[in-house]
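Student: Got a structure for you, written out below as structure tokens; questions coming shortly.
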Protein chains: 2
Amino acid sequence: MRLTTFTDYALRVLIFAAAHDDRQVTITEIAQTYGISHGHVMKVVQLLANAGYLKATRGRSGGLKLGALPEDINLGDVVRITEPDFRLTECFGPPNGCLISRYCKVPGPLNEALGAFLSTLDGYSLADLMIDDTKFRGPAKPDQILRGPILDPA
Amino acid sequence: MRLTTFTDYALRVLIFAAAHDDRQVTITEIAQTYGISHGHVMKVVQLLANAGYLKATRGRSGGLKLGALPEDINLGDVVRITEPDFRLTECFGPPNGCLISRYCKVPGPLNEALGAFLSTLDGYSLADLMIDDTKFRGPAKPDQILRGPILDPA
């Protein structure tokens with residue numbers, strides 16, 4: 001089970017913009033800082049701007065700023081729009097050819113689990129994820145610390 | 001966000017074996033019933049047998065049976081072993097090159113959300129997913145009903 005790289009990058013973009021809220025940031029700067037693809041960041045920025053989470057200004061002195069207060073950028077909402085789908089099993093989204101779809105009892109627990117996942121994220125906003133701008137001074141080391149997953153039964 | 005086809009098929013195999021608990025079932029029969037790849041089902045069966053969820057008997061009269069009572073086959077446990085990883089973001093598993101890993105506050109909410117997802121599934125067992133053997137008759141129709149995802153905020 002994974003989130004897409006798209007969601008990962010969307011969170012990084014928002015965290016970067018939040019850390020530099022005294023000025024506009026650029027796609028090139030974000031891509032270079034994280035060492036990730038410029039094209040990918042551009043697509044992420046486009047979606048975040050369409051959703052109102054970023055505000056883009058064109059021109060020589062243009063750039064990106066947060067389009068809302070960090071406390072109004074809800075983590076669950078961001079993930080709902082950045083993930084292309086939540087197709088946990090075949091019957092969650094077309095095409096679906098599973099013979100037992102009509103009778104199967106798997107979707108109940110899976111929808112409940114998905115709801116629990118998203119509800120948890122709904123409890124957080126970008127304000128909870130903020131770090132200061134000094135944390136972006138690099139470079140990234142080859143062996144960065146791992147931060148998950150935690151799979152222990154509750 | 002998706003579960004793998006491997007997990008999807010693992011659940012189908014267990015549901016099929018549970019529905020036919022008066023006899024042994026075969027990989028060929030499972031693959032044909034669901035219209036899915038024989039090779040894929042074989043790999044799924046191998047893992048489920050290694051985990052003790054299925055018991056395989058070799059030979060002409062051989063086949064597969066559940067290796068435990070349905071109520072002892074926990075849904076969360078199954079998903080924990082059938083998913084190859086739970087790498088929600090880059091920093092969840094090697095390789096990780098994200099510059100801000102050491103300071104980033106994203107893993108907290110993500111681990112909590114993953115925990116909520118798996119804890120929900122921990123509340124269910126194969127006994128909750130059982131359907132009777134009549135539900136496996138008849139060819140799958142091209143447009144099967146969709147069963148998810150449910151994305152409403154809680």
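Going by the structure tokens order, chains are called A, B, ..., each with residues numbered from 1, while ligands are numbered from 1 in the order shown.
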Could the residues of chain B that have an atom at most 7 Å from chain A be listed as JSON lines, each with its closest atom pair and the distance in Å to one decimal, counting only C-alpha atoms and ordered by chain and ascending residue number?
Tutor:
```
{"residue": "B:Met1", "atom": "CA", "partner": "A:Phe86", "partner_atom": "CA", "distance": 4.7}
{"residue": "B:Arg2", "atom": "CA", "partner": "A:Leu88", "partner_atom": "CA", "distance": 4.4}
{"residue": "B:Leu3", "atom": "CA", "partner": "A:Leu88", "partner_atom": "CA", "distance": 4.7}
{"residue": "B:Thr4", "atom": "CA", "partner": "A:Met1", "partner_atom": "CA", "distance": 6.9}
{"residue": "B:Asp8", "atom": "CA", "partner": "A:Thr89", "partner_atom": "CA", "distance": 5.6}
{"residue": "B:Tyr34", "atom": "CA", "partner": "A:Leu99", "partner_atom": "CA", "distance": 5.9}
{"residue": "B:Glu83", "atom": "CA", "partner": "A:Met1", "partner_atom": "CA", "distance": 6.4}
{"residue": "B:Asp85", "atom": "CA", "partner": "A:Met1", "partner_atom": "CA", "distance": 6.1}
{"residue": "B:Phe86", "atom": "CA", "partner": "A:Met1", "partner_atom": "CA", "distance": 4.7}
{"residue": "B:Arg87", "atom": "CA", "partner": "A:Arg2", "partner_atom": "CA", "distance": 5.1}
{"residue": "B:Leu88", "atom": "CA", "partner": "A:Arg2", "partner_atom": "CA", "distance": 4.4}
{"residue": "B:Thr89", "atom": "CA", "partner": "A:Asp8", "partner_atom": "CA", "distance": 5.6}
{"residue": "B:Cys91", "atom": "CA", "partner": "A:Leu146", "partner_atom": "CA", "distance": 5.2}
{"residue": "B:Phe92", "atom": "CA", "partner": "A:Gly148", "partner_atom": "CA", "distance": 4.2}
{"residue": "B:Gly93", "atom": "CA", "partner": "A:Leu146", "partner_atom": "CA", "distance": 6.1}
{"residue": "B:Asn96", "atom": "CA", "partner": "A:Gln144", "partner_atom": "CA", "distance": 5.7}
{"residue": "B:Gly97", "atom": "CA", "partner": "A:Gln144", "partner_atom": "CA", "distance": 5.9}
{"residue": "B:Cys98", "atom": "CA", "partner": "A:Tyr34", "partner_atom": "CA", "distance": 6.4}
{"residue": "B:Leu99", "atom": "CA", "partner": "A:Ala140", "partner_atom": "CA", "distance": 4.5}
{"residue": "B:Ile100", "atom": "CA", "partner": "A:Phe136", "partner_atom": "CA", "distance": 6.4}
{"residue": "B:Ser101", "atom": "CA", "partner": "A:Ile145", "partner_atom": "CA", "distance": 6.4}
{"residue": "B:Arg102", "atom": "CA", "partner": "A:Ile145", "partner_atom": "CA", "distance": 6.4}
{"residue": "B:Lys105", "atom": "CA", "partner": "A:Leu129", "partner_atom": "CA", "distance": 5.0}
{"residue": "B:Val106", "atom": "CA", "partner": "A:Leu129", "partner_atom": "CA", "distance": 6.1}
{"residue": "B:Pro107", "atom": "CA", "partner": "A:Arg147", "partner_atom": "CA", "distance": 6.0}
{"residue": "B:Pro109", "atom": "CA", "partner": "A:Leu121", "partner_atom": "CA", "distance": 6.2}
{"residue": "B:Asn111", "atom": "CA", "partner": "A:Ile150", "partner_atom": "CA", "distance": 5.9}
{"residue": "B:Glu112", "atom": "CA", "partner": "A:Thr120", "partner_atom": "CA", "distance": 6.9}
{"residue": "B:Ala113", "atom": "CA", "partner": "A:Phe117", "partner_atom": "CA", "distance": 4.4}
{"residue": "B:Leu114", "atom": "CA", "partner": "A:Phe117", "partner_atom": "CA", "distance": 6.2}
{"residue": "B:Gly115", "atom": "CA", "partner": "A:Leu151", "partner_atom": "CA", "distance": 6.7}
{"residue": "B:Ala116", "atom": "CA", "partner": "A:Ala116", "partner_atom": "CA", "distance": 5.5}
{"residue": "B:Phe117", "atom": "CA", "partner": "A:Ala113", "partner_atom": "CA", "distance": 4.4}
{"residue": "B:Leu118", "atom": "CA", "partner": "A:Ala113", "partner_atom": "CA", "distance": 6.9}
{"residue": "B:Ser119", "atom": "CA", "partner": "A:Ala154", "partner_atom": "CA", "distance": 5.8}
{"residue": "B:Thr120", "atom": "CA", "partner": "A:Ala113", "partner_atom": "CA", "distance": 5.2}
{"residue": "B:Leu121", "atom": "CA", "partner": "A:Pro109", "partner_atom": "CA", "distance": 6.2}
{"residue": "B:Leu129", "atom": "CA", "partner": "A:Lys105", "partner_atom": "CA", "distance": 4.9}
{"residue": "B:Lys135", "atom": "CA", "partner": "A:Ile100", "partner_atom": "CA", "distance": 6.4}
{"residue": "B:Phe136", "atom": "CA", "partner": "A:Ile100", "partner_atom": "CA", "distance": 6.4}
{"residue": "B:Pro139", "atom": "CA", "partner": "A:Leu99", "partner_atom": "CA", "distance": 6.9}
{"residue": "B:Ala140", "atom": "CA", "partner": "A:Leu99", "partner_atom": "CA", "distance": 4.5}
{"residue": "B:Lys141", "atom": "CA", "partner": "A:Gly97", "partner_atom": "CA", "distance": 6.8}
{"residue": "B:Pro142", "atom": "CA", "partner": "A:Gly97", "partner_atom": "CA", "distance": 6.0}
{"residue": "B:Asp143", "atom": "CA", "partner": "A:Asn96", "partner_atom": "CA", "distance": 6.8}
{"residue": "B:Gln144", "atom": "CA", "partner": "A:Asn96", "partner_atom": "CA", "distance": 5.7}
{"residue": "B:Ile145", "atom": "CA", "partner": "A:Arg102", "partner_atom": "CA", "distance": 6.4}
{"residue": "B:Leu146", "atom": "CA", "partner": "A:Cys91", "partner_atom": "CA", "distance": 5.2}
{"residue": "B:Arg147", "atom": "CA", "partner": "A:Phe92", "partner_atom": "CA", "distance": 5.2}
{"residue": "B:Gly148", "atom": "CA", "partner": "A:Phe92", "partner_atom": "CA", "distance": 4.3}
{"residue": "B:Pro149", "atom": "CA", "partner": "A:Phe92", "partner_atom": "CA", "distance": 5.6}
{"residue": "B:Ile150", "atom": "CA", "partner": "A:Asn111", "partner_atom": "CA", "distance": 5.9}
{"residue": "B:Leu151", "atom": "CA", "partner": "A:Gly115", "partner_atom": "CA", "distance": 6.7}
{"residue": "B:Pro153", "atom": "CA", "partner": "A:Ser119", "partner_atom": "CA", "distance": 6.5}
{"residue": "B:Ala154", "atom": "CA", "partner": "A:Ser119", "partner_atom": "CA", "distance": 5.8}
```
Student: To test your reading of the structure, identify every residue in chain A that backbone DSSP assigns to alpha helix (DSSP H), and report it as an MDAnalysis selection string.
Tutor: chainID A and resid 5:19 27:34 38:50 75:82 107:122
Student: Have a look at atom CA of Tyr53 of chain B and atom CA of Asp133 of chain B and let me know their distance in Å, one decimal.
Tutor: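 Here the two named atoms are 19.2 Å from each other.
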Student: Env of segment 21-30 of chain B: 6 Å cut, atoms = only C-alpha atoms, seq-sep filter 3 positions within chain, self excluded. Answer as a VMD selection string.
Tutor: chain B and resid 18 33 63 to 65
Student: What's the separation between atom CA of Gly59 of chain A and atom CA of Thr134 of chain A, in Å to one decimal place?
Tutor: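 Answer for the atom CA of Gly59 of chain A to atom CA of Thr134 of chain A separation: 27.3 Å.
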Student: For a test of reading the model, state the distance in Å between atom CA of Val78 of chain A and atom CA of Ala56 of chain A, rounded to one decimal.
Tutor: 17.7 Å
